[in-house]
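Q: To be precise about what I am sending: the file is called my_file32.pdb and holds PDB, N, CA and C atoms, pLDDT in the B column.
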```
MODEL        1
ATOM      1  N   MET Q   1       0.847  -1.179   0.000  1.00 59.00           N
ATOM      2  CA  MET Q   1       0.000   0.000   0.000  1.00 59.00           C
ATOM      3  C   MET Q   1       0.891   1.241   0.000  1.00 59.00           C
ATOM      4  N   ASN Q   2       0.553   2.188  -0.831  1.00 65.00           N
ATOM      5  CA  ASN Q   2       1.301   3.440  -0.901  1.00 65.00           C
ATOM      6  C   ASN Q   2       0.847   4.385   0.188  1.00 65.00           C
ATOM      7  N   VAL Q   3       1.785   5.129   0.695  1.00 69.00           N
ATOM      8  CA  VAL Q   3       1.493   6.123   1.729  1.00 69.00           C
ATOM      9  C   VAL Q   3       1.641   7.504   1.106  1.00 69.00           C
ATOM     10  N   ILE Q   4       0.623   8.328   1.274  1.00 63.00           N
ATOM     11  CA  ILE Q   4       0.651   9.697   0.766  1.00 63.00           C
ATOM     12  C   ILE Q   4       0.677  10.634   1.960  1.00 63.00           C
ATOM     13  N   ASN Q   5       1.723  11.419   2.057  1.00 63.00           N
ATOM     14  CA  ASN Q   5       1.827  12.407   3.128  1.00 63.00           C
ATOM     15  C   ASN Q   5       1.184  13.700   2.659  1.00 63.00           C
ATOM     16  N   ILE Q   6       0.241  14.190   3.441  1.00 59.00           N
ATOM     17  CA  ILE Q   6      -0.459  15.424   3.107  1.00 59.00           C
ATOM     18  C   ILE Q   6      -0.407  16.351   4.309  1.00 59.00           C
ATOM     19  N   ASP Q   7      -0.051  17.580   4.047  1.00 58.00           N
ATOM     20  CA  ASP Q   7       0.007  18.575   5.103  1.00 58.00           C
ATOM     21  C   ASP Q   7      -0.867  19.754   4.712  1.00 58.00           C
ATOM     22  N   ILE Q   8      -1.999  19.870   5.355  1.00 59.00           N
ATOM     23  CA  ILE Q   8      -2.858  21.037   5.153  1.00 59.00           C
ATOM     24  C   ILE Q   8      -2.881  21.780   6.476  1.00 59.00           C
ATOM     25  N   SER Q   9      -2.106  22.840   6.543  1.00 58.00           N
ATOM     26  CA  SER Q   9      -1.966  23.600   7.778  1.00 58.00           C
ATOM     27  C   SER Q   9      -2.869  24.814   7.755  1.00 58.00           C
ATOM     28  N   LEU Q  10      -3.588  24.977   8.825  1.00 55.00           N
ATOM     29  CA  LEU Q  10      -4.455  26.139   8.973  1.00 55.00           C
ATOM     30  C   LEU Q  10      -4.092  26.880  10.256  1.00 55.00           C
ATOM     31  N   ASN Q  11      -2.818  27.074  10.472  1.00 58.00           N
ATOM     32  CA  ASN Q  11      -2.332  27.729  11.684  1.00 58.00           C
ATOM     33  C   ASN Q  11      -2.229  29.234  11.476  1.00 58.00           C
ATOM     34  N   SER Q  12      -3.273  29.804  10.978  1.00 54.00           N
ATOM     35  CA  SER Q  12      -3.271  31.218  10.687  1.00 54.00           C
ATOM     36  C   SER Q  12      -4.060  31.978  11.747  1.00 54.00           C
ATOM     37  N   ALA Q  13      -3.561  33.135  12.079  1.00 60.00           N
ATOM     38  CA  ALA Q  13      -4.283  33.983  13.028  1.00 60.00           C
ATOM     39  C   ALA Q  13      -5.388  34.759  12.319  1.00 60.00           C
ATOM     40  N   ASN Q  14      -5.409  34.676  11.007  1.00 69.00           N
ATOM     41  CA  ASN Q  14      -6.399  35.396  10.216  1.00 69.00           C
ATOM     42  C   ASN Q  14      -7.691  34.586  10.169  1.00 69.00           C
ATOM     43  N   ASN Q  15      -8.669  34.966  10.955  1.00 75.00           N
ATOM     44  CA  ASN Q  15      -9.929  34.237  11.030  1.00 75.00           C
ATOM     45  C   ASN Q  15     -10.729  34.307   9.739  1.00 75.00           C
ATOM     46  N   GLN Q  16     -10.594  35.395   8.992  1.00 79.00           N
ATOM     47  CA  GLN Q  16     -11.306  35.509   7.721  1.00 79.00           C
ATOM     48  C   GLN Q  16     -10.785  34.485   6.725  1.00 79.00           C
ATOM     49  N   GLN Q  17      -9.475  34.292   6.712  1.00 80.00           N
ATOM     50  CA  GLN Q  17      -8.870  33.309   5.819  1.00 80.00           C
ATOM     51  C   GLN Q  17      -9.322  31.901   6.194  1.00 80.00           C
ATOM     52  N   LEU Q  18      -9.322  31.598   7.451  1.00 81.00           N
ATOM     53  CA  LEU Q  18      -9.746  30.286   7.930  1.00 81.00           C
ATOM     54  C   LEU Q  18     -11.220  30.038   7.618  1.00 81.00           C
ATOM     55  N   GLN Q  19     -12.055  31.032   7.805  1.00 86.00           N
ATOM     56  CA  GLN Q  19     -13.475  30.894   7.500  1.00 86.00           C
ATOM     57  C   GLN Q  19     -13.692  30.712   6.002  1.00 86.00           C
ATOM     58  N   PHE Q  20     -12.899  31.421   5.193  1.00 88.00           N
ATOM     59  CA  PHE Q  20     -12.981  31.273   3.740  1.00 88.00           C
ATOM     60  C   PHE Q  20     -12.696  29.828   3.325  1.00 88.00           C
ATOM     61  N   ILE Q  21     -11.669  29.227   3.906  1.00 87.00           N
ATOM     62  CA  ILE Q  21     -11.310  27.843   3.579  1.00 87.00           C
ATOM     63  C   ILE Q  21     -12.424  26.892   4.010  1.00 87.00           C
ATOM     64  N   LYS Q  22     -12.933  27.072   5.209  1.00 90.00           N
ATOM     65  CA  LYS Q  22     -14.013  26.205   5.691  1.00 90.00           C
ATOM     66  C   LYS Q  22     -15.250  26.313   4.802  1.00 90.00           C
ATOM     67  N   ASP Q  23     -15.626  27.526   4.441  1.00 93.00           N
ATOM     68  CA  ASP Q  23     -16.798  27.733   3.588  1.00 93.00           C
ATOM     69  C   ASP Q  23     -16.587  27.121   2.204  1.00 93.00           C
ATOM     70  N   ALA Q  24     -15.391  27.285   1.666  1.00 93.00           N
ATOM     71  CA  ALA Q  24     -15.096  26.739   0.340  1.00 93.00           C
ATOM     72  C   ALA Q  24     -15.126  25.217   0.351  1.00 93.00           C
ATOM     73  N   LEU Q  25     -14.640  24.601   1.424  1.00 93.00           N
ATOM     74  CA  LEU Q  25     -14.649  23.140   1.512  1.00 93.00           C
ATOM     75  C   LEU Q  25     -16.071  22.600   1.688  1.00 93.00           C
ATOM     76  N   ILE Q  26     -16.940  23.382   2.303  1.00 95.00           N
ATOM     77  CA  ILE Q  26     -18.346  22.974   2.400  1.00 95.00           C
ATOM     78  C   ILE Q  26     -19.016  23.099   1.027  1.00 95.00           C
ATOM     79  N   LYS Q  27     -18.719  24.182   0.342  1.00 95.00           N
ATOM     80  CA  LYS Q  27     -19.327  24.421  -0.965  1.00 95.00           C
ATOM     81  C   LYS Q  27     -18.775  23.476  -2.028  1.00 95.00           C
ATOM     82  N   TYR Q  28     -17.465  23.215  -1.980  1.00 94.00           N
ATOM     83  CA  TYR Q  28     -16.795  22.353  -2.963  1.00 94.00           C
ATOM     84  C   TYR Q  28     -16.003  21.257  -2.247  1.00 94.00           C
ATOM     85  N   PRO Q  29     -16.650  20.222  -1.751  1.00 93.00           N
ATOM     86  CA  PRO Q  29     -15.929  19.178  -0.996  1.00 93.00           C
ATOM     87  C   PRO Q  29     -14.933  18.389  -1.845  1.00 93.00           C
ATOM     88  N   GLU Q  30     -15.081  18.435  -3.169  1.00 94.00           N
ATOM     89  CA  GLU Q  30     -14.155  17.705  -4.026  1.00 94.00           C
ATOM     90  C   GLU Q  30     -12.744  18.295  -4.028  1.00 94.00           C
ATOM     91  N   ILE Q  31     -12.599  19.512  -3.535  1.00 92.00           N
ATOM     92  CA  ILE Q  31     -11.275  20.132  -3.472  1.00 92.00           C
ATOM     93  C   ILE Q  31     -10.325  19.283  -2.630  1.00 92.00           C
ATOM     94  N   LYS Q  32     -10.839  18.676  -1.562  1.00 90.00           N
ATOM     95  CA  LYS Q  32      -9.986  17.848  -0.696  1.00 90.00           C
ATOM     96  C   LYS Q  32      -9.332  16.724  -1.494  1.00 90.00           C
ATOM     97  N   TYR Q  33     -10.110  16.072  -2.339  1.00 92.00           N
ATOM     98  CA  TYR Q  33      -9.596  14.942  -3.112  1.00 92.00           C
ATOM     99  C   TYR Q  33      -8.644  15.402  -4.214  1.00 92.00           C
ATOM    100  N   LEU Q  34      -8.953  16.542  -4.827  1.00 92.00           N
ATOM    101  CA  LEU Q  34      -8.071  17.068  -5.861  1.00 92.00           C
ATOM    102  C   LEU Q  34      -6.728  17.496  -5.282  1.00 92.00           C
ATOM    103  N   ILE Q  35      -6.736  18.029  -4.069  1.00 89.00           N
ATOM    104  CA  ILE Q  35      -5.485  18.395  -3.413  1.00 89.00           C
ATOM    105  C   ILE Q  35      -4.638  17.148  -3.177  1.00 89.00           C
ATOM    106  N   LYS Q  36      -5.270  16.058  -2.752  1.00 89.00           N
ATOM    107  CA  LYS Q  36      -4.528  14.808  -2.534  1.00 89.00           C
ATOM    108  C   LYS Q  36      -3.877  14.313  -3.816  1.00 89.00           C
ATOM    109  N   ILE Q  37      -4.613  14.389  -4.915  1.00 92.00           N
ATOM    110  CA  ILE Q  37      -4.067  13.946  -6.206  1.00 92.00           C
ATOM    111  C   ILE Q  37      -2.902  14.828  -6.630  1.00 92.00           C
ATOM    112  N   LEU Q  38      -3.092  16.142  -6.531  1.00 90.00           N
ATOM    113  CA  LEU Q  38      -2.009  17.059  -6.915  1.00 90.00           C
ATOM    114  C   LEU Q  38      -0.791  16.903  -6.019  1.00 90.00           C
ATOM    115  N   LYS Q  39      -1.012  16.681  -4.721  1.00 87.00           N
ATOM    116  CA  LYS Q  39       0.108  16.473  -3.798  1.00 87.00           C
ATOM    117  C   LYS Q  39       0.909  15.238  -4.205  1.00 87.00           C
ATOM    118  N   LYS Q  40       0.220  14.174  -4.607  1.00 90.00           N
ATOM    119  CA  LYS Q  40       0.901  12.951  -5.027  1.00 90.00           C
ATOM    120  C   LYS Q  40       1.696  13.189  -6.306  1.00 90.00           C
ATOM    121  N   LEU Q  41       1.109  13.908  -7.270  1.00 90.00           N
ATOM    122  CA  LEU Q  41       1.828  14.221  -8.501  1.00 90.00           C
ATOM    123  C   LEU Q  41       3.059  15.080  -8.224  1.00 90.00           C
ATOM    124  N   LEU Q  42       2.914  16.044  -7.343  1.00 88.00           N
ATOM    125  CA  LEU Q  42       4.062  16.887  -6.985  1.00 88.00           C
ATOM    126  C   LEU Q  42       5.131  16.075  -6.259  1.00 88.00           C
ATOM    127  N   GLN Q  43       4.707  15.118  -5.444  1.00 87.00           N
ATOM    128  CA  GLN Q  43       5.658  14.262  -4.732  1.00 87.00           C
ATOM    129  C   GLN Q  43       6.462  13.420  -5.724  1.00 87.00           C
ATOM    130  N   LEU Q  44       5.813  12.916  -6.760  1.00 90.00           N
ATOM    131  CA  LEU Q  44       6.505  12.105  -7.761  1.00 90.00           C
ATOM    132  C   LEU Q  44       7.579  12.900  -8.492  1.00 90.00           C
ATOM    133  N   LYS Q  45       7.350  14.194  -8.659  1.00 86.00           N
ATOM    134  CA  LYS Q  45       8.323  15.075  -9.314  1.00 86.00           C
ATOM    135  C   LYS Q  45       9.218  15.791  -8.304  1.00 86.00           C
ATOM    136  N   GLN Q  46       9.116  15.410  -7.045  1.00 82.00           N
ATOM    137  CA  GLN Q  46       9.893  15.992  -5.943  1.00 82.00           C
ATOM    138  C   GLN Q  46       9.715  17.508  -5.851  1.00 82.00           C
ATOM    139  N   MET Q  47       8.477  17.930  -6.034  1.00 82.00           N
ATOM    140  CA  MET Q  47       8.142  19.351  -5.951  1.00 82.00           C
ATOM    141  C   MET Q  47       7.120  19.605  -4.855  1.00 82.00           C
ATOM    142  N   ASN Q  48       7.028  18.708  -3.883  1.00 78.00           N
ATOM    143  CA  ASN Q  48       5.999  18.834  -2.858  1.00 78.00           C
ATOM    144  C   ASN Q  48       6.450  19.606  -1.630  1.00 78.00           C
ATOM    145  N   ASN Q  49       7.699  19.978  -1.549  1.00 77.00           N
ATOM    146  CA  ASN Q  49       8.205  20.699  -0.392  1.00 77.00           C
ATOM    147  C   ASN Q  49       8.259  22.191  -0.702  1.00 77.00           C
ATOM    148  N   SER Q  50       7.426  22.978  -0.039  1.00 73.00           N
ATOM    149  CA  SER Q  50       7.379  24.416  -0.334  1.00 73.00           C
ATOM    150  C   SER Q  50       8.662  25.137   0.070  1.00 73.00           C
ATOM    151  N   TYR Q  51       9.416  24.565   0.996  1.00 75.00           N
ATOM    152  CA  TYR Q  51      10.673  25.189   1.408  1.00 75.00           C
ATOM    153  C   TYR Q  51      11.744  25.055   0.341  1.00 75.00           C
ATOM    154  N   LYS Q  52      11.567  24.119  -0.574  1.00 77.00           N
ATOM    155  CA  LYS Q  52      12.549  23.896  -1.638  1.00 77.00           C
ATOM    156  C   LYS Q  52      12.009  24.320  -2.994  1.00 77.00           C
ATOM    157  N   GLY Q  53      11.040  25.216  -3.012  1.00 76.00           N
ATOM    158  CA  GLY Q  53      10.523  25.747  -4.259  1.00 76.00           C
ATOM    159  C   GLY Q  53       9.246  25.105  -4.750  1.00 76.00           C
ATOM    160  N   GLY Q  54       8.681  24.183  -3.995  1.00 77.00           N
ATOM    161  CA  GLY Q  54       7.426  23.536  -4.391  1.00 77.00           C
ATOM    162  C   GLY Q  54       6.228  24.378  -4.004  1.00 77.00           C
ATOM    163  N   MET Q  55       5.057  23.802  -4.152  1.00 79.00           N
ATOM    164  CA  MET Q  55       3.824  24.527  -3.848  1.00 79.00           C
ATOM    165  C   MET Q  55       3.301  24.138  -2.475  1.00 79.00           C
ATOM    166  N   SER Q  56       2.874  25.123  -1.732  1.00 78.00           N
ATOM    167  CA  SER Q  56       2.296  24.867  -0.413  1.00 78.00           C
ATOM    168  C   SER Q  56       0.852  24.392  -0.564  1.00 78.00           C
ATOM    169  N   SER Q  57       0.319  23.828   0.491  1.00 80.00           N
ATOM    170  CA  SER Q  57      -1.063  23.343   0.472  1.00 80.00           C
ATOM    171  C   SER Q  57      -2.041  24.485   0.261  1.00 80.00           C
ATOM    172  N   TYR Q  58      -1.764  25.619   0.859  1.00 81.00           N
ATOM    173  CA  TYR Q  58      -2.658  26.763   0.695  1.00 81.00           C
ATOM    174  C   TYR Q  58      -2.632  27.262  -0.745  1.00 81.00           C
ATOM    175  N   CYS Q  59      -1.471  27.253  -1.353  1.00 84.00           N
ATOM    176  CA  CYS Q  59      -1.351  27.650  -2.753  1.00 84.00           C
ATOM    177  C   CYS Q  59      -2.148  26.690  -3.641  1.00 84.00           C
ATOM    178  N   LEU Q  60      -2.048  25.391  -3.382  1.00 86.00           N
ATOM    179  CA  LEU Q  60      -2.826  24.410  -4.139  1.00 86.00           C
ATOM    180  C   LEU Q  60      -4.318  24.640  -3.934  1.00 86.00           C
ATOM    181  N   PHE Q  61      -4.698  24.935  -2.704  1.00 89.00           N
ATOM    182  CA  PHE Q  61      -6.103  25.201  -2.407  1.00 89.00           C
ATOM    183  C   PHE Q  61      -6.612  26.383  -3.230  1.00 89.00           C
ATOM    184  N   LEU Q  62      -5.861  27.481  -3.245  1.00 89.00           N
ATOM    185  CA  LEU Q  62      -6.277  28.663  -4.002  1.00 89.00           C
ATOM    186  C   LEU Q  62      -6.314  28.385  -5.498  1.00 89.00           C
ATOM    187  N   LEU Q  63      -5.373  27.596  -5.991  1.00 90.00           N
ATOM    188  CA  LEU Q  63      -5.349  27.229  -7.383  1.00 90.00           C
ATOM    189  C   LEU Q  63      -6.609  26.451  -7.763  1.00 90.00           C
ATOM    190  N   LEU Q  64      -6.963  25.483  -6.958  1.00 91.00           N
ATOM    191  CA  LEU Q  64      -8.151  24.676  -7.244  1.00 91.00           C
ATOM    192  C   LEU Q  64      -9.433  25.464  -7.053  1.00 91.00           C
ATOM    193  N   TYR Q  65      -9.455  26.330  -6.062  1.00 92.00           N
ATOM    194  CA  TYR Q  65     -10.657  27.125  -5.804  1.00 92.00           C
ATOM    195  C   TYR Q  65     -10.939  28.087  -6.971  1.00 92.00           C
ATOM    196  N   SER Q  66      -9.874  28.653  -7.510  1.00 89.00           N
ATOM    197  CA  SER Q  66     -10.054  29.616  -8.602  1.00 89.00           C
ATOM    198  C   SER Q  66     -10.492  28.916  -9.865  1.00 89.00           C
TER     199      SER Q  66
ENDMDL
END
```
Represent the supplied structure as structure tokens.

A:
Amino acid sequence: MNVINIDISLNSANNQQLQFIKDALIKYPEIKYLIKILKKLLQLKQMNNSYKGGMSSYCLFLLLYS
């Protein structure tokens, strides 16, 4: 079985941002699954670490939401 590591951090002090994410996930629950797929694709290309130039989970969320 393959293991997929996913990190969706919502450690923001900005309550409006956090509420926006919660509302968007209620409105579009498929975003969660699309993020998992994109995270796996980025992992295969070794682009899943935002500290090394990859995309963060929040960036992926905004990309899918738009």

Q: Mind pulling up the distance from CA of Tyr65 in chain Q to CA of Ile31 in chain Q?

A: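 The value is 7.4 Å.
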
Q: Between atom N of Ala24 in chain Q and atom N of Tyr58 in chain Q, what distance in Å does the model show, to one decimal?

A: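 Answer for the atom N of Ala24 in chain Q to atom N of Tyr58 in chain Q separation: 13.8 Å.
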
Q: Padding 3 Å on each side, edges along x, y and z: where is the centre of the box around the listed atoms of range 23-26 of chain Q, and how long are its edges in Å to one decimal? Output it as AutoDock Vina command-line options.

A:
```
--center_x -16.8 --center_y 25.2 --center_z 2.4 --size_x 10.4 --size_y 11.1 --size_z 10.1
```

Q: For Leu62 in chain Q, which of Q:Gln16, Q:Glu30, Q:Lys39, Q:Ile21 is the closest residue, counting only C-alpha atoms?

A: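 Residue with the minimum atom-to-atom distance to Leu62 in chain Q: Q:Ile21.
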
Q: Could you check the closest approach to Met55 in chain Q for each of Q:Tyr28, Q:Leu18, Q:Leu34, Q:Leu42 and tell me which residue wins, using all atoms listed in the file?

A: Q:Leu42

Q: Between CA of Ser66 in chain Q and atom N of Met47 in chain Q, what is the spacing in Å?

A: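 Atom-to-atom, atom N of Met47 in chain Q to CA of Ser66 in chain Q, that is 22.1 Å.
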
Q: Need the shell around range 49-51 of chain Q: protein/DNA/RNA residues with any atom at most 12 Å away, counting only C-alpha atoms. Skip same-chain ones fewer than 4 positions apart. Format as a VMD selection string?

A: chain Q and resid 5 to 7 39 to 40 42 to 45 55 to 60

Q: For range 39-60 of chain Q, where the input has fewer atoms than it should, I would like N, CA, C and O atoms rebuilt and written as a PDB file, in the frame of the given file.

A:
```pdb
ATOM      1  N   LYS Q  39      -1.012  16.681  -4.721  1.00 87.00           N
ATOM      2  CA  LYS Q  39       0.108  16.473  -3.798  1.00 87.00           C
ATOM      3  C   LYS Q  39       0.909  15.238  -4.205  1.00 87.00           C
ATOM      4  O   LYS Q  39       2.137  15.247  -4.151  1.00 87.00           O
ATOM      5  N   LYS Q  40       0.220  14.174  -4.607  1.00 90.00           N
ATOM      6  CA  LYS Q  40       0.901  12.951  -5.027  1.00 90.00           C
ATOM      7  C   LYS Q  40       1.696  13.189  -6.306  1.00 90.00           C
ATOM      8  O   LYS Q  40       2.843  12.747  -6.427  1.00 90.00           O
ATOM      9  N   LEU Q  41       1.109  13.908  -7.270  1.00 90.00           N
ATOM     10  CA  LEU Q  41       1.828  14.221  -8.501  1.00 90.00           C
ATOM     11  C   LEU Q  41       3.059  15.080  -8.224  1.00 90.00           C
ATOM     12  O   LEU Q  41       4.129  14.859  -8.813  1.00 90.00           O
ATOM     13  N   LEU Q  42       2.914  16.044  -7.343  1.00 88.00           N
ATOM     14  CA  LEU Q  42       4.062  16.887  -6.985  1.00 88.00           C
ATOM     15  C   LEU Q  42       5.131  16.075  -6.259  1.00 88.00           C
ATOM     16  O   LEU Q  42       6.326  16.295  -6.454  1.00 88.00           O
ATOM     17  N   GLN Q  43       4.707  15.118  -5.444  1.00 87.00           N
ATOM     18  CA  GLN Q  43       5.658  14.262  -4.732  1.00 87.00           C
ATOM     19  C   GLN Q  43       6.462  13.420  -5.724  1.00 87.00           C
ATOM     20  O   GLN Q  43       7.671  13.251  -5.551  1.00 87.00           O
ATOM     21  N   LEU Q  44       5.813  12.916  -6.760  1.00 90.00           N
ATOM     22  CA  LEU Q  44       6.505  12.105  -7.761  1.00 90.00           C
ATOM     23  C   LEU Q  44       7.579  12.900  -8.492  1.00 90.00           C
ATOM     24  O   LEU Q  44       8.603  12.355  -8.895  1.00 90.00           O
ATOM     25  N   LYS Q  45       7.350  14.194  -8.659  1.00 86.00           N
ATOM     26  CA  LYS Q  45       8.323  15.075  -9.314  1.00 86.00           C
ATOM     27  C   LYS Q  45       9.218  15.791  -8.304  1.00 86.00           C
ATOM     28  O   LYS Q  45       9.974  16.680  -8.677  1.00 86.00           O
ATOM     29  N   GLN Q  46       9.116  15.410  -7.045  1.00 82.00           N
ATOM     30  CA  GLN Q  46       9.893  15.992  -5.943  1.00 82.00           C
ATOM     31  C   GLN Q  46       9.715  17.508  -5.851  1.00 82.00           C
ATOM     32  O   GLN Q  46      10.655  18.251  -5.655  1.00 82.00           O
ATOM     33  N   MET Q  47       8.477  17.930  -6.034  1.00 82.00           N
ATOM     34  CA  MET Q  47       8.142  19.351  -5.951  1.00 82.00           C
ATOM     35  C   MET Q  47       7.120  19.605  -4.855  1.00 82.00           C
ATOM     36  O   MET Q  47       6.400  20.599  -4.889  1.00 82.00           O
ATOM     37  N   ASN Q  48       7.028  18.708  -3.883  1.00 78.00           N
ATOM     38  CA  ASN Q  48       5.999  18.834  -2.858  1.00 78.00           C
ATOM     39  C   ASN Q  48       6.450  19.606  -1.630  1.00 78.00           C
ATOM     40  O   ASN Q  48       5.657  19.885  -0.757  1.00 78.00           O
ATOM     41  N   ASN Q  49       7.699  19.978  -1.549  1.00 77.00           N
ATOM     42  CA  ASN Q  49       8.205  20.699  -0.392  1.00 77.00           C
ATOM     43  C   ASN Q  49       8.259  22.191  -0.702  1.00 77.00           C
ATOM     44  O   ASN Q  49       9.061  22.629  -1.524  1.00 77.00           O
ATOM     45  N   SER Q  50       7.426  22.978  -0.039  1.00 73.00           N
ATOM     46  CA  SER Q  50       7.379  24.416  -0.334  1.00 73.00           C
ATOM     47  C   SER Q  50       8.662  25.137   0.070  1.00 73.00           C
ATOM     48  O   SER Q  50       8.969  26.191  -0.465  1.00 73.00           O
ATOM     49  N   TYR Q  51       9.416  24.565   0.996  1.00 75.00           N
ATOM     50  CA  TYR Q  51      10.673  25.189   1.408  1.00 75.00           C
ATOM     51  C   TYR Q  51      11.744  25.055   0.341  1.00 75.00           C
ATOM     52  O   TYR Q  51      12.726  25.770   0.347  1.00 75.00           O
ATOM     53  N   LYS Q  52      11.567  24.119  -0.574  1.00 77.00           N
ATOM     54  CA  LYS Q  52      12.549  23.896  -1.638  1.00 77.00           C
ATOM     55  C   LYS Q  52      12.009  24.320  -2.994  1.00 77.00           C
ATOM     56  O   LYS Q  52      12.439  23.827  -4.026  1.00 77.00           O
ATOM     57  N   GLY Q  53      11.040  25.216  -3.012  1.00 76.00           N
ATOM     58  CA  GLY Q  53      10.523  25.747  -4.259  1.00 76.00           C
ATOM     59  C   GLY Q  53       9.246  25.105  -4.750  1.00 76.00           C
ATOM     60  O   GLY Q  53       8.761  25.449  -5.825  1.00 76.00           O
ATOM     61  N   GLY Q  54       8.681  24.183  -3.995  1.00 77.00           N
ATOM     62  CA  GLY Q  54       7.426  23.536  -4.391  1.00 77.00           C
ATOM     63  C   GLY Q  54       6.228  24.378  -4.004  1.00 77.00           C
ATOM     64  O   GLY Q  54       6.354  25.524  -3.579  1.00 77.00           O
ATOM     65  N   MET Q  55       5.057  23.802  -4.152  1.00 79.00           N
ATOM     66  CA  MET Q  55       3.824  24.527  -3.848  1.00 79.00           C
ATOM     67  C   MET Q  55       3.301  24.138  -2.475  1.00 79.00           C
ATOM     68  O   MET Q  55       3.262  22.968  -2.131  1.00 79.00           O
ATOM     69  N   SER Q  56       2.874  25.123  -1.732  1.00 78.00           N
ATOM     70  CA  SER Q  56       2.296  24.867  -0.413  1.00 78.00           C
ATOM     71  C   SER Q  56       0.852  24.392  -0.564  1.00 78.00           C
ATOM     72  O   SER Q  56       0.238  24.523  -1.622  1.00 78.00           O
ATOM     73  N   SER Q  57       0.319  23.828   0.491  1.00 80.00           N
ATOM     74  CA  SER Q  57      -1.063  23.343   0.472  1.00 80.00           C
ATOM     75  C   SER Q  57      -2.041  24.485   0.261  1.00 80.00           C
ATOM     76  O   SER Q  57      -3.038  24.331  -0.448  1.00 80.00           O
ATOM     77  N   TYR Q  58      -1.764  25.619   0.859  1.00 81.00           N
ATOM     78  CA  TYR Q  58      -2.658  26.763   0.695  1.00 81.00           C
ATOM     79  C   TYR Q  58      -2.632  27.262  -0.745  1.00 81.00           C
ATOM     80  O   TYR Q  58      -3.670  27.620  -1.307  1.00 81.00           O
ATOM     81  N   CYS Q  59      -1.471  27.253  -1.353  1.00 84.00           N
ATOM     82  CA  CYS Q  59      -1.351  27.650  -2.753  1.00 84.00           C
ATOM     83  C   CYS Q  59      -2.148  26.690  -3.641  1.00 84.00           C
ATOM     84  O   CYS Q  59      -2.848  27.121  -4.555  1.00 84.00           O
ATOM     85  N   LEU Q  60      -2.048  25.391  -3.382  1.00 86.00           N
ATOM     86  CA  LEU Q  60      -2.826  24.410  -4.139  1.00 86.00           C
ATOM     87  C   LEU Q  60      -4.318  24.640  -3.934  1.00 86.00           C
ATOM     88  O   LEU Q  60      -5.112  24.545  -4.870  1.00 86.00           O
TER      89      LEU Q  60
END
```
